[in-house]
>>> print(open('my_file01.txt').read())   # compact mmCIF, C-alpha atoms
# COMPACT_ATOMS: atom_id res chain seq x y z
CA MET E 159 110.78 128.79 112.73
CA LEU E 160 111.61 125.61 110.85
CA GLU E 161 113.23 124.10 113.92
CA SER E 162 110.24 124.81 116.15
CA SER E 163 107.90 123.37 113.53
CA SER E 164 110.01 120.26 113.27
CA ALA E 165 110.08 119.89 117.06
CA ARG E 166 106.31 120.43 117.24
CA ASP E 167 105.70 117.78 114.61
CA ARG E 168 107.88 115.30 116.48
CA LYS E 169 106.15 115.66 119.84
CA PRO E 170 103.23 113.30 119.13
CA ILE E 171 105.36 110.38 117.97
CA LEU E 172 107.87 110.92 120.76
CA ALA E 173 105.01 110.89 123.27
CA VAL E 174 103.69 107.61 121.85
CA PHE E 175 107.22 106.14 121.89
CA LEU E 176 107.60 107.16 125.55
CA SER E 177 104.13 105.82 126.39
CA ASP E 178 105.06 102.49 124.82
CA ALA E 179 108.38 102.41 126.67
CA ILE E 180 106.78 102.97 130.08
CA SER E 181 103.84 100.62 129.54
CA LEU E 182 105.96 97.82 128.08
CA SER E 183 108.57 98.15 130.84
CA GLY E 184 105.73 97.60 133.29
CA ASN E 185 104.62 94.57 131.31
CA ALA E 186 108.19 93.22 131.35
CA ILE E 187 108.18 93.52 135.13
CA ALA E 188 104.89 91.61 135.26
CA ALA E 189 106.26 88.96 132.85
CA VAL E 190 108.88 88.07 135.46
CA ALA E 191 106.83 88.69 138.60
CA ILE E 192 103.65 86.77 137.72
CA PRO E 193 105.25 83.39 136.79
CA TRP E 194 107.55 83.62 139.80
CA PHE E 195 104.57 84.43 142.02
CA VAL E 196 102.71 81.39 140.68
CA LEU E 197 105.74 79.15 141.25
CA ASP E 198 106.00 80.47 144.82
CA LEU E 199 102.26 80.03 145.35
CA THR E 200 101.90 76.55 143.83
CA GLY E 201 105.37 75.13 143.07
CA SER E 202 103.96 73.75 139.82
CA PRO E 203 105.28 74.33 136.26
CA ALA E 204 101.94 73.01 134.96
CA LEU E 205 99.96 75.69 136.84
CA THR E 206 102.48 78.27 135.65
CA GLY E 207 101.62 77.12 132.14
CA VAL E 208 97.90 77.43 132.96
CA THR E 209 98.51 81.02 134.05
CA ALA E 210 100.40 81.73 130.83
CA PHE E 211 97.49 80.21 128.88
CA PHE E 212 95.06 82.63 130.51
CA THR E 213 97.46 85.50 129.85
CA VAL E 214 97.63 84.85 126.11
CA LEU E 215 94.09 83.61 125.41
CA PRO E 216 92.42 86.95 126.21
CA THR E 217 94.99 88.72 124.05
CA VAL E 218 93.86 86.61 121.08
CA ILE E 219 90.19 87.35 121.81
CA ALA E 220 90.80 91.08 122.27
CA LEU E 221 92.96 91.40 119.17
CA PHE E 222 90.37 89.56 117.04
CA LEU E 223 87.42 91.61 118.24
CA GLY E 224 89.14 94.79 119.33
CA GLY E 225 90.73 95.95 116.06
CA THR E 226 87.33 96.98 114.69
CA ILE E 227 86.63 98.83 117.95
CA VAL E 228 89.95 100.67 117.53
CA ASP E 229 88.88 101.88 114.07
CA ARG E 230 85.45 102.95 115.40
CA LEU E 231 86.53 104.69 118.64
CA GLY E 232 89.74 106.17 117.30
CA PHE E 233 93.34 105.29 118.08
CA ARG E 234 93.91 107.74 120.95
CA THR E 235 90.64 107.06 122.78
CA THR E 236 91.10 103.29 122.65
CA SER E 237 94.69 103.52 123.90
CA VAL E 238 93.74 105.65 126.93
CA ILE E 239 90.71 103.58 127.96
CA ALA E 240 92.60 100.29 127.57
CA ASP E 241 95.56 101.49 129.67
CA LEU E 242 93.38 102.73 132.53
CA ALA E 243 91.33 99.53 132.64
CA SER E 244 94.39 97.26 132.46
CA GLY E 245 96.12 99.17 135.23
CA ALA E 246 93.12 98.66 137.51
CA ALA E 247 93.11 94.90 136.87
CA VAL E 248 96.83 94.56 137.59
CA ALA E 249 96.59 96.67 140.78
CA ALA E 250 93.89 94.35 142.10
CA ILE E 251 96.43 91.48 142.40
CA PRO E 252 98.63 93.07 145.12
CA VAL E 253 95.54 94.62 146.75
CA LEU E 254 94.01 91.17 147.29
CA HIS E 255 97.35 89.62 148.24
CA LEU E 256 98.02 92.24 150.93
CA THR E 257 94.48 92.27 152.37
CA VAL E 258 92.42 89.09 152.32
CA GLY E 259 94.88 86.91 150.40
CA ILE E 260 94.61 85.76 146.81
CA GLU E 261 93.60 82.33 145.57
CA PHE E 262 95.05 80.85 142.38
CA TRP E 263 91.73 81.13 140.51
CA GLN E 264 91.46 84.82 141.45
CA LEU E 265 94.95 85.46 140.13
CA VAL E 266 94.05 83.73 136.85
CA VAL E 267 90.87 85.83 136.48
CA LEU E 268 92.74 89.10 137.04
CA VAL E 269 95.53 88.12 134.65
CA PHE E 270 92.88 87.24 132.07
CA VAL E 271 91.06 90.57 132.49
CA GLY E 272 94.27 92.62 132.40
CA ALA E 273 95.45 90.99 129.18
CA LEU E 274 91.98 91.26 127.60
CA LEU E 275 91.95 95.02 128.18
CA ASP E 276 95.60 95.63 127.31
CA ALA E 277 95.57 94.23 123.76
CA PRO E 278 93.34 96.89 122.10
CA GLY E 279 95.58 99.57 123.57
CA MET E 280 98.64 98.02 121.95
CA THR E 281 96.82 97.81 118.61
CA ALA E 282 95.77 101.46 118.91
CA ARG E 283 99.33 102.67 119.55
CA GLU E 284 100.61 100.55 116.64
CA SER E 285 97.95 102.12 114.42
CA LEU E 286 99.08 105.63 115.36
CA VAL E 287 102.65 105.08 114.18
CA PRO E 288 102.34 105.63 110.38
CA ASP E 289 100.43 108.92 110.75
CA LEU E 290 102.73 110.25 113.46
CA ALA E 291 105.81 109.18 111.51
CA GLU E 292 104.49 111.16 108.55
CA LEU E 293 103.97 114.21 110.80
CA ALA E 294 107.54 113.86 112.04
CA GLY E 295 109.00 113.29 108.55
CA MET E 296 110.32 109.89 109.63
CA ARG E 297 110.83 106.80 107.43
CA LEU E 298 108.54 103.88 108.26
CA GLU E 299 111.54 101.55 108.61
CA ARG E 300 113.02 103.92 111.17
CA ALA E 301 109.76 104.32 113.07
CA THR E 302 109.11 100.56 113.21
CA GLY E 303 112.73 99.96 114.17
CA ILE E 304 112.36 102.40 117.07
CA VAL E 305 109.12 100.71 118.15
CA GLN E 306 110.88 97.34 118.11
CA GLY E 307 113.77 98.86 120.05
CA ILE E 308 111.32 100.10 122.66
CA HIS E 309 109.69 96.66 122.91
CA ARG E 310 113.05 94.98 123.45
CA GLY E 311 114.50 97.81 125.53
CA SER E 312 111.60 97.42 127.91
CA LEU E 313 112.81 93.88 128.60
CA LEU E 314 116.32 95.22 129.19
CA ALA E 315 115.00 97.72 131.74
CA GLY E 316 112.06 95.86 133.24
CA ALA E 317 113.19 92.25 133.57
CA PRO E 318 116.42 92.77 135.59
CA LEU E 319 114.63 95.36 137.74
CA ALA E 320 111.86 92.85 138.42
CA GLY E 321 114.36 90.11 139.27
CA GLY E 322 116.09 92.31 141.84
CA LEU E 323 112.90 93.70 143.34
CA ILE E 324 111.32 90.24 143.65
CA ALA E 325 114.22 89.23 145.88
CA ILE E 326 113.66 92.34 148.04
CA ILE E 327 109.91 92.96 148.25
CA GLY E 328 108.31 89.86 146.72
CA PRO E 329 106.64 89.29 143.35
CA ALA E 330 103.15 90.55 144.28
CA ASN E 331 104.39 93.96 145.43
CA VAL E 332 106.42 94.38 142.24
CA LEU E 333 103.13 94.48 140.29
CA TRP E 334 102.43 97.98 141.66
CA LEU E 335 105.01 99.22 139.15
CA ASP E 336 103.13 97.62 136.25
CA ALA E 337 99.85 99.18 137.40
CA GLY E 338 101.47 102.62 137.66
CA SER E 339 103.02 102.32 134.21
CA PHE E 340 99.57 102.00 132.62
CA LEU E 341 98.44 105.23 134.27
CA ILE E 342 101.46 107.19 132.99
CA SER E 343 101.07 105.70 129.51
CA ALA E 344 97.42 106.78 129.35
CA ALA E 345 98.30 110.34 130.40
CA LEU E 346 101.03 110.71 127.76
CA VAL E 347 98.81 109.55 124.90
CA ARG E 348 95.83 111.64 126.07
CA ILE E 349 97.89 114.85 126.33
CA TRP E 350 100.22 114.62 123.33
CA ALA E 351 98.77 112.30 120.69
CA PRO E 352 96.34 113.82 118.17
CA ASP E 353 92.88 112.30 117.77
CA ILE E 354 93.40 110.61 114.39
CA ARG E 355 90.40 109.31 112.50
CA HIS E 356 90.30 107.98 108.96
CA ARG E 357 86.61 108.11 108.15
CA ALA E 358 85.29 110.70 105.74
CA GLU E 359 83.71 113.66 107.51
CA GLY E 360 80.15 112.84 108.55
CA GLU E 361 80.52 109.15 107.67
CA ALA E 362 78.84 106.92 110.24
CA PRO E 363 80.48 103.63 111.25
CA GLY E 364 79.17 100.58 109.43
CA ARG E 365 77.83 97.52 111.16
CA TYR E 366 80.41 95.99 113.48
CA VAL E 367 80.27 92.50 111.94
CA THR E 368 80.48 93.91 108.41
CA GLU E 369 83.62 95.88 109.23
CA LEU E 370 85.13 92.88 111.01
CA LEU E 371 84.54 90.70 107.94
CA GLU E 372 86.10 93.36 105.70
CA GLY E 373 89.25 93.14 107.77
CA LEU E 374 89.26 89.34 107.61
CA ARG E 375 88.88 89.37 103.83
CA PHE E 376 91.80 91.76 103.51
CA VAL E 377 94.07 89.53 105.64
CA PHE E 378 93.23 86.40 103.63
CA ARG E 379 93.34 88.15 100.25
CA ASP E 380 96.80 89.72 100.57
CA PRO E 381 99.41 87.00 99.87
CA VAL E 382 102.21 88.59 101.91
CA ILE E 383 100.10 89.26 104.99
CA ARG E 384 98.61 85.76 104.74
CA ALA E 385 102.04 84.07 104.47
CA VAL E 386 103.60 86.12 107.27
CA THR E 387 100.64 85.52 109.56
CA PHE E 388 100.72 81.74 109.01
CA THR E 389 104.48 81.55 109.61
CA VAL E 390 104.24 83.59 112.79
CA MET E 391 101.34 81.44 114.01
CA LEU E 392 103.65 78.39 113.88
CA THR E 393 106.66 80.06 115.49
CA ASN E 394 104.54 81.74 118.16
CA PHE E 395 103.26 78.33 119.24
CA LEU E 396 106.89 77.48 120.01
CA ASP E 397 107.84 80.91 121.39
CA ALA E 398 104.84 81.41 123.67
CA PRO E 399 106.11 79.50 126.71
CA LEU E 400 109.69 80.80 126.61
CA PHE E 401 109.48 83.72 129.05
CA ALA E 402 106.20 82.76 130.71
CA VAL E 403 107.00 79.11 131.54
CA THR E 404 110.25 77.65 130.17
CA MET E 405 112.77 80.28 131.29
CA PRO E 406 111.33 80.66 134.82
CA VAL E 407 111.53 76.88 135.30
CA PHE E 408 114.99 76.79 133.68
CA ALA E 409 116.27 79.58 135.97
CA ARG E 410 114.69 78.09 139.08
CA GLU E 411 116.16 74.63 138.43
CA ALA E 412 119.56 75.73 137.13
CA PHE E 413 120.29 78.80 139.27
CA GLY E 414 117.59 78.98 141.97
CA SER E 415 117.01 82.73 141.70
CA ALA E 416 114.82 85.26 139.91
CA VAL E 417 117.88 87.49 139.58
CA GLN E 418 119.41 85.22 136.91
CA LEU E 419 116.03 85.02 135.18
CA GLY E 420 115.82 88.80 135.05
CA LEU E 421 119.39 89.08 133.73
CA MET E 422 118.77 86.54 130.96
CA ILE E 423 115.59 88.25 129.82
CA GLY E 424 117.31 91.62 130.14
CA THR E 425 120.19 90.41 127.96
CA PHE E 426 117.69 89.33 125.32
CA GLY E 427 116.10 92.77 125.52
CA GLY E 428 119.43 94.61 125.39
CA LEU E 429 120.76 92.87 122.30
CA SER E 430 117.39 93.09 120.61
CA LEU E 431 117.43 96.81 121.36
CA LEU E 432 120.87 97.10 119.76
CA GLY E 433 119.66 95.17 116.71
CA ALA E 434 116.56 97.34 116.44
CA ILE E 435 118.65 100.52 116.57
CA VAL E 436 120.88 99.21 113.79
CA PHE E 437 117.84 98.21 111.73
CA SER E 438 116.22 101.63 112.21
CA ILE E 439 119.33 103.17 110.62
CA VAL E 440 120.08 100.74 107.79
CA GLY E 441 116.87 98.72 107.47
CA HIS E 442 115.64 100.54 104.36
CA ARG E 443 118.80 99.38 102.55
CA LEU E 444 118.49 95.67 103.42
CA PRO E 445 116.69 93.04 101.30
CA ARG E 446 113.57 92.39 103.31
CA ARG E 447 112.91 88.76 102.36
CA LEU E 448 116.46 87.54 102.94
CA THR E 449 116.82 89.48 106.19
CA PHE E 450 113.48 88.18 107.45
CA VAL E 451 114.11 84.50 106.69
CA VAL E 452 117.77 84.37 107.80
CA ALA E 453 117.00 86.19 111.05
CA PHE E 454 114.19 83.71 111.76
CA ILE E 455 116.56 80.77 111.20
CA PHE E 456 119.10 82.20 113.64
CA VAL E 457 116.37 82.58 116.28
CA SER E 458 116.12 78.77 116.47
CA LEU E 459 119.76 78.28 117.52
CA PRO E 460 119.53 79.56 121.14
CA TYR E 461 116.89 76.92 121.91
CA LEU E 462 119.37 74.22 120.94
CA VAL E 463 122.11 75.79 123.09
CA LEU E 464 119.86 76.18 126.14
CA SER E 465 118.67 72.57 125.81
CA THR E 466 122.11 71.45 127.07
CA LEU E 467 121.37 73.27 130.38
CA PRO E 468 124.60 75.26 130.07
CA SER E 469 126.38 77.44 132.59
CA PHE E 470 125.07 80.94 133.27
CA PRO E 471 127.58 82.72 130.95
CA VAL E 472 126.66 80.40 128.05
CA ALA E 473 122.95 80.94 128.76
CA ILE E 474 123.55 84.70 128.67
CA ALA E 475 125.36 84.36 125.33
CA ALA E 476 122.46 82.30 123.91
CA MET E 477 119.95 84.94 124.99
CA ALA E 478 122.14 87.63 123.43
CA LEU E 479 122.05 85.79 120.09
CA PHE E 480 118.31 85.34 120.44
CA GLY E 481 117.79 89.06 120.98
CA LEU E 482 120.07 90.15 118.14
CA ALA E 483 118.57 87.70 115.60
CA SER E 484 114.96 88.55 116.46
CA ALA E 485 115.42 92.33 116.21
CA PRO E 486 114.61 92.83 112.49
CA LEU E 487 111.53 90.58 112.41
CA ASN E 488 108.76 92.80 113.76
CA PRO E 489 110.03 96.02 112.09
CA ILE E 490 109.97 94.26 108.71
CA ILE E 491 106.50 92.82 109.35
CA ASN E 492 105.07 96.14 110.55
CA THR E 493 106.62 98.12 107.70
CA VAL E 494 105.14 95.73 105.14
CA TYR E 495 101.73 95.94 106.82
CA TYR E 496 101.76 99.74 107.02
CA GLU E 497 102.59 99.92 103.31
CA ARG E 498 99.85 97.49 102.27
CA VAL E 499 96.90 98.29 104.57
CA PRO E 500 94.60 101.30 103.98
CA ALA E 501 94.62 103.63 106.99
CA ALA E 502 90.86 103.33 107.56
CA MET E 503 91.28 99.54 108.01
CA ARG E 504 94.50 99.66 109.99
CA GLY E 505 93.07 98.81 113.41
CA ARG E 506 91.07 95.88 112.02
CA VAL E 507 93.84 94.38 109.90
CA LEU E 508 96.55 94.79 112.53
CA GLY E 509 94.26 93.43 115.22
CA LEU E 510 93.13 90.45 113.16
CA SER E 511 96.64 89.63 111.93
CA ASN E 512 97.98 89.84 115.48
CA ALA E 513 95.06 87.76 116.74
CA ALA E 514 95.83 85.04 114.20
CA ALA E 515 99.52 85.17 115.09
CA PHE E 516 98.67 84.95 118.80
CA ALA E 517 96.03 82.25 118.32
CA THR E 518 98.45 79.36 118.78
CA MET E 519 100.16 80.86 121.82
CA PRO E 520 97.70 79.79 124.54
CA ALA E 521 98.01 76.15 123.45
CA GLY E 522 101.80 76.48 123.26
CA ALA E 523 102.03 77.93 126.77
CA LEU E 524 99.65 75.34 128.22
CA ALA E 525 101.37 72.39 126.53
CA ALA E 526 104.82 73.54 127.62
CA GLY E 527 104.03 73.38 131.32
CA PHE E 528 102.84 69.77 131.12
CA LEU E 529 105.64 68.75 128.73
CA ILE E 530 108.28 70.17 131.06
CA GLU E 531 106.85 68.13 133.93
CA ALA E 532 106.81 65.04 131.69
CA ILE E 533 110.18 65.24 129.88
CA GLY E 534 112.15 67.97 131.66
CA VAL E 535 113.02 71.51 130.65
CA GLY E 536 116.15 70.54 128.67
CA ASN E 537 114.30 68.10 126.42
CA MET E 538 111.51 70.62 126.00
CA LEU E 539 114.02 73.21 124.71
CA LEU E 540 115.58 70.65 122.33
CA VAL E 541 112.22 69.71 120.78
CA THR E 542 111.35 73.40 120.42
CA GLY E 543 114.65 74.22 118.72
CA VAL E 544 114.42 71.40 116.18
CA CYS E 545 110.82 72.31 115.26
CA TYR E 546 111.68 76.00 115.04
CA LEU E 547 114.61 75.33 112.69
CA ALA E 548 112.44 73.21 110.39
CA ILE E 549 109.67 75.83 110.17
CA THR E 550 111.91 78.84 109.59
CA SER E 551 114.14 77.09 107.04
CA ALA E 552 111.03 76.32 105.00
CA GLY E 553 110.55 80.08 104.68
CA LEU E 554 113.18 80.10 101.95
CA LEU E 555 110.66 78.27 99.74
CA VAL E 556 107.61 80.53 100.31
CA PRO E 557 106.96 82.50 97.07
CA ALA E 558 104.81 85.18 98.74
CA PHE E 559 107.78 86.42 100.77
CA ARG E 560 109.30 87.76 97.55
CA GLU E 561 106.48 90.33 97.50
CA MET E 562 107.97 91.91 100.63
CA GLU E 563 110.31 93.89 98.40
CA ARG E 564 107.42 95.54 96.53
CA ARG E 565 105.87 98.70 97.98
CA PRO E 566 102.31 98.82 96.57
CA ALA E 567 100.31 102.04 96.37
CA LEU E 568 97.37 101.95 98.76
CA GLN E 569 93.99 102.17 97.09
CA GLU E 570 91.95 104.48 99.31
CA ASP E 571 92.57 106.25 102.59
CA LEU E 572 88.94 107.20 103.18
CA GLY E 573 89.51 110.76 104.27
CA GLY E 574 92.22 110.84 106.90
CA ASP E 575 91.72 113.56 109.51
CA LEU E 576 94.00 114.84 112.26
CA GLY E 577 92.07 116.37 115.11
>>> encode(input="my_file01.txt", output="structure tokens")
Amino acid sequence: MLESSSARDRKPILAVFLSDAISLSGNAIAAVAIPWFVLDLTGSPALTGVTAFFTVLPTVIALFLGGTIVDRLGFRTTSVIADLASGAAVAAIPVLHLTVGIEFWQLVVLVFVGALLDAPGMTARESLVPDLAELAGMRLERATGIVQGIHRGSLLAGAPLAGGLIAIIGPANVLWLDAGSFLISAALVRIWAPDIRHRAEGEAPGRYVTELLEGLRFVFRDPVIRAVTFTVMLTNFLDAPLFAVTMPVFAREAFGSAVQLGLMIGTFGGLSLLGAIVFSIVGHRLPRRLTFVVAFIFVSLPYLVLSTLPSFPVAIAAMALFGLASAPLNPIINTVYYERVPAAMRGRVLGLSNAAAFATMPAGALAAGFLIEAIGVGNMLLVTGVCYLAITSAGLLVPAFREMERRPALQEDLGGDLG
């Protein structure tokens, strides 16, 4: 009886984990296929950067505005609707390509729409994790470590698969897999995830703008969330073009094939998966602040290695270090957020914090394409690495990061309900 109860309690979180794995693997396939498709279509790193800009910009908009919608509609409903809509937008790219042909502006519009619709779904699944972890009797550190492992494991599975399939069937056709992944993800969440709402019974939603402002005040008032968000804003400006612009150009110039690009991204995903698994087991024993800052510093080193335009084995080793060093970062951030944010505000605060963290990424992606054309991909990587090292080293001096070790009691949960 106890075993069946335990298994029953674990089904919802396992379903959400599987949904994330399938959806994010599809996104990893698209992350390789879309830049390669643009390079084939235009031959321009600058236009590849423009495409990346219009991939990230809608994510910022959707995260900023969508978190409040997540809290109002409910986590499960938002996740399902977002997945179905995003899948339709992605499927439209190969449909146009195979029928009447697709222009660059049409591709940009569809990428924009797909990313705009996808972001609230990601926020909704993130918001489900603390409640489902509690149902499963799982530590938050373990749950966030598994989520991070899924994020990175999706790169391990999706990127090499995309690289091989691009060589066989072309980048546009590969996008059918991404579209299908959204459909499967929506079905898993709809069938297995409970409809979790954190409003008191009978309580009507407040005004949208009022609830949005409440979330903003919380982000700016909490010193840890404010410091983490600002730091990630700076590093995301530098990280944004890596997979969307810099690595495709690097692989095309250095090795001439999407296969090597897929293998490099897959190596990053594989080692990050390994690091996330280790963190999910031992993370609750590690000092959060020291782990967070030191891991961030090590993330800067692969940029410096890749700036020398090394051989393929050295590039693989650099991506392995990148993946391993980055693994603890998001689990630590998410664990701290889950501990500090009331459940009824979770969608808003996660959405707004992610929106702020993503806000610098469109500019970073756009600037990278033009900088690569101006100074070359090697010099671009060198500048990125030096800036990254300076920003992350300064994290040792940020007083608010010391508060990561404290686990505050949340004030009010506003009537959590599992339906």
>>> residues_near_point(input="my_file01.txt", point="(88.5, 101.2, 110.2)", cutoff="7 Å", atoms="all atoms listed in the file", output="number ranges by chain")
E: 226, 229-230, 502-506
>>> atom_distance(input="my_file01.txt", atom1="atom CA of Gly272 of chain E", atom2="atom CA of Ser244 of chain E")
4.6 Å
>>> residues_near_point(input="my_file01.txt", point="(97.9, 88.2, 120.0)", cutoff="10 Å", atoms="only C-alpha atoms", output="PyMOL selection string")
chain E and resi 214-222+273+277+281+391+394+509-520
>>> closest_residue(input="my_file01.txt", among="E:Met562, E:Ala434, E:Glu531, E:Cys545", to="Gln306 of chain E", atoms="only C-alpha atoms")
E:Ala434
>>> residues_around(input="my_file01.txt", residues="Ala476 of chain E", least_positions_apart="4", cutoff="12 Å", atoms="all atoms listed in the file", output="PyMOL selection string")
chain E and resi 422-423+425-426+429+456-472+480-483
>>> atom_distance(input="my_file01.txt", atom1="atom CA of Leu540 of chain E", atom2="atom CA of Leu431 of chain E")
26.2 Å
>>> closest_residue(input="my_file01.txt", among="E:Ala204, E:Val544, E:Leu539, E:Ala294", to="Ile455 of chain E", atoms="only C-alpha atoms")
E:Val544
>>> decode(input="my_file01.txt", residues="segment 365-384 of chain E", atoms="N, CA and C atoms", output="PDB file, in the first residue's frame")
ATOM      1  N   ARG E 365      -6.778  42.787 -10.454  1.00  0.00           N
ATOM      2  CA  ARG E 365      -6.508  43.421 -11.741  1.00  0.00           C
ATOM      3  C   ARG E 365      -5.136  42.984 -12.230  1.00  0.00           C
ATOM      4  N   TYR E 366      -5.054  42.761 -13.550  1.00  0.00           N
ATOM      5  CA  TYR E 366      -3.818  42.238 -14.132  1.00  0.00           C
ATOM      6  C   TYR E 366      -2.625  43.124 -13.794  1.00  0.00           C
ATOM      7  N   VAL E 367      -2.747  44.428 -14.007  1.00  0.00           N
ATOM      8  CA  VAL E 367      -1.623  45.340 -13.777  1.00  0.00           C
ATOM      9  C   VAL E 367      -1.223  45.353 -12.304  1.00  0.00           C
ATOM     10  N   THR E 368      -2.209  45.285 -11.415  1.00  0.00           N
ATOM     11  CA  THR E 368      -1.916  45.274  -9.982  1.00  0.00           C
ATOM     12  C   THR E 368      -1.089  44.045  -9.610  1.00  0.00           C
ATOM     13  N   GLU E 369      -1.488  42.886 -10.119  1.00  0.00           N
ATOM     14  CA  GLU E 369      -0.755  41.666  -9.814  1.00  0.00           C
ATOM     15  C   GLU E 369       0.639  41.696 -10.433  1.00  0.00           C
ATOM     16  N   LEU E 370       0.755  42.251 -11.634  1.00  0.00           N
ATOM     17  CA  LEU E 370       2.062  42.375 -12.266  1.00  0.00           C
ATOM     18  C   LEU E 370       2.996  43.246 -11.428  1.00  0.00           C
ATOM     19  N   LEU E 371       2.473  44.368 -10.937  1.00  0.00           N
ATOM     20  CA  LEU E 371       3.281  45.271 -10.112  1.00  0.00           C
ATOM     21  C   LEU E 371       3.668  44.628  -8.780  1.00  0.00           C
ATOM     22  N   GLU E 372       2.784  43.799  -8.219  1.00  0.00           N
ATOM     23  CA  GLU E 372       3.126  43.074  -6.998  1.00  0.00           C
ATOM     24  C   GLU E 372       4.339  42.178  -7.229  1.00  0.00           C
ATOM     25  N   GLY E 373       4.356  41.497  -8.365  1.00  0.00           N
ATOM     26  CA  GLY E 373       5.496  40.656  -8.689  1.00  0.00           C
ATOM     27  C   GLY E 373       6.772  41.465  -8.860  1.00  0.00           C
ATOM     28  N   LEU E 374       6.672  42.613  -9.530  1.00  0.00           N
ATOM     29  CA  LEU E 374       7.844  43.467  -9.720  1.00  0.00           C
ATOM     30  C   LEU E 374       8.403  43.957  -8.386  1.00  0.00           C
ATOM     31  N   ARG E 375       7.497  44.370  -7.493  1.00  0.00           N
ATOM     32  CA  ARG E 375       7.953  44.844  -6.179  1.00  0.00           C
ATOM     33  C   ARG E 375       8.670  43.745  -5.422  1.00  0.00           C
ATOM     34  N   PHE E 376       8.172  42.529  -5.527  1.00  0.00           N
ATOM     35  CA  PHE E 376       8.819  41.421  -4.821  1.00  0.00           C
ATOM     36  C   PHE E 376      10.232  41.196  -5.352  1.00  0.00           C
ATOM     37  N   VAL E 377      10.397  41.211  -6.681  1.00  0.00           N
ATOM     38  CA  VAL E 377      11.717  40.995  -7.286  1.00  0.00           C
ATOM     39  C   VAL E 377      12.708  42.060  -6.823  1.00  0.00           C
ATOM     40  N   PHE E 378      12.278  43.322  -6.817  1.00  0.00           N
ATOM     41  CA  PHE E 378      13.202  44.397  -6.456  1.00  0.00           C
ATOM     42  C   PHE E 378      13.424  44.502  -4.949  1.00  0.00           C
ATOM     43  N   ARG E 379      12.473  44.007  -4.156  1.00  0.00           N
ATOM     44  CA  ARG E 379      12.598  44.106  -2.706  1.00  0.00           C
ATOM     45  C   ARG E 379      13.509  43.036  -2.127  1.00  0.00           C
ATOM     46  N   ASP E 380      13.514  41.846  -2.699  1.00  0.00           N
ATOM     47  CA  ASP E 380      14.315  40.752  -2.153  1.00  0.00           C
ATOM     48  C   ASP E 380      15.766  40.899  -2.601  1.00  0.00           C
ATOM     49  N   PRO E 381      16.721  41.045  -1.664  1.00  0.00           N
ATOM     50  CA  PRO E 381      18.107  41.339  -2.064  1.00  0.00           C
ATOM     51  C   PRO E 381      18.771  40.210  -2.844  1.00  0.00           C
ATOM     52  N   VAL E 382      18.461  38.964  -2.495  1.00  0.00           N
ATOM     53  CA  VAL E 382      19.089  37.840  -3.192  1.00  0.00           C
ATOM     54  C   VAL E 382      18.569  37.748  -4.619  1.00  0.00           C
ATOM     55  N   ILE E 383      17.260  37.789  -4.777  1.00  0.00           N
ATOM     56  CA  ILE E 383      16.683  37.695  -6.122  1.00  0.00           C
ATOM     57  C   ILE E 383      17.129  38.868  -6.981  1.00  0.00           C
ATOM     58  N   ARG E 384      17.212  40.048  -6.388  1.00  0.00           N
ATOM     59  CA  ARG E 384      17.678  41.229  -7.128  1.00  0.00           C
ATOM     60  C   ARG E 384      19.121  41.062  -7.583  1.00  0.00           C
TER      61      ARG E 384
END
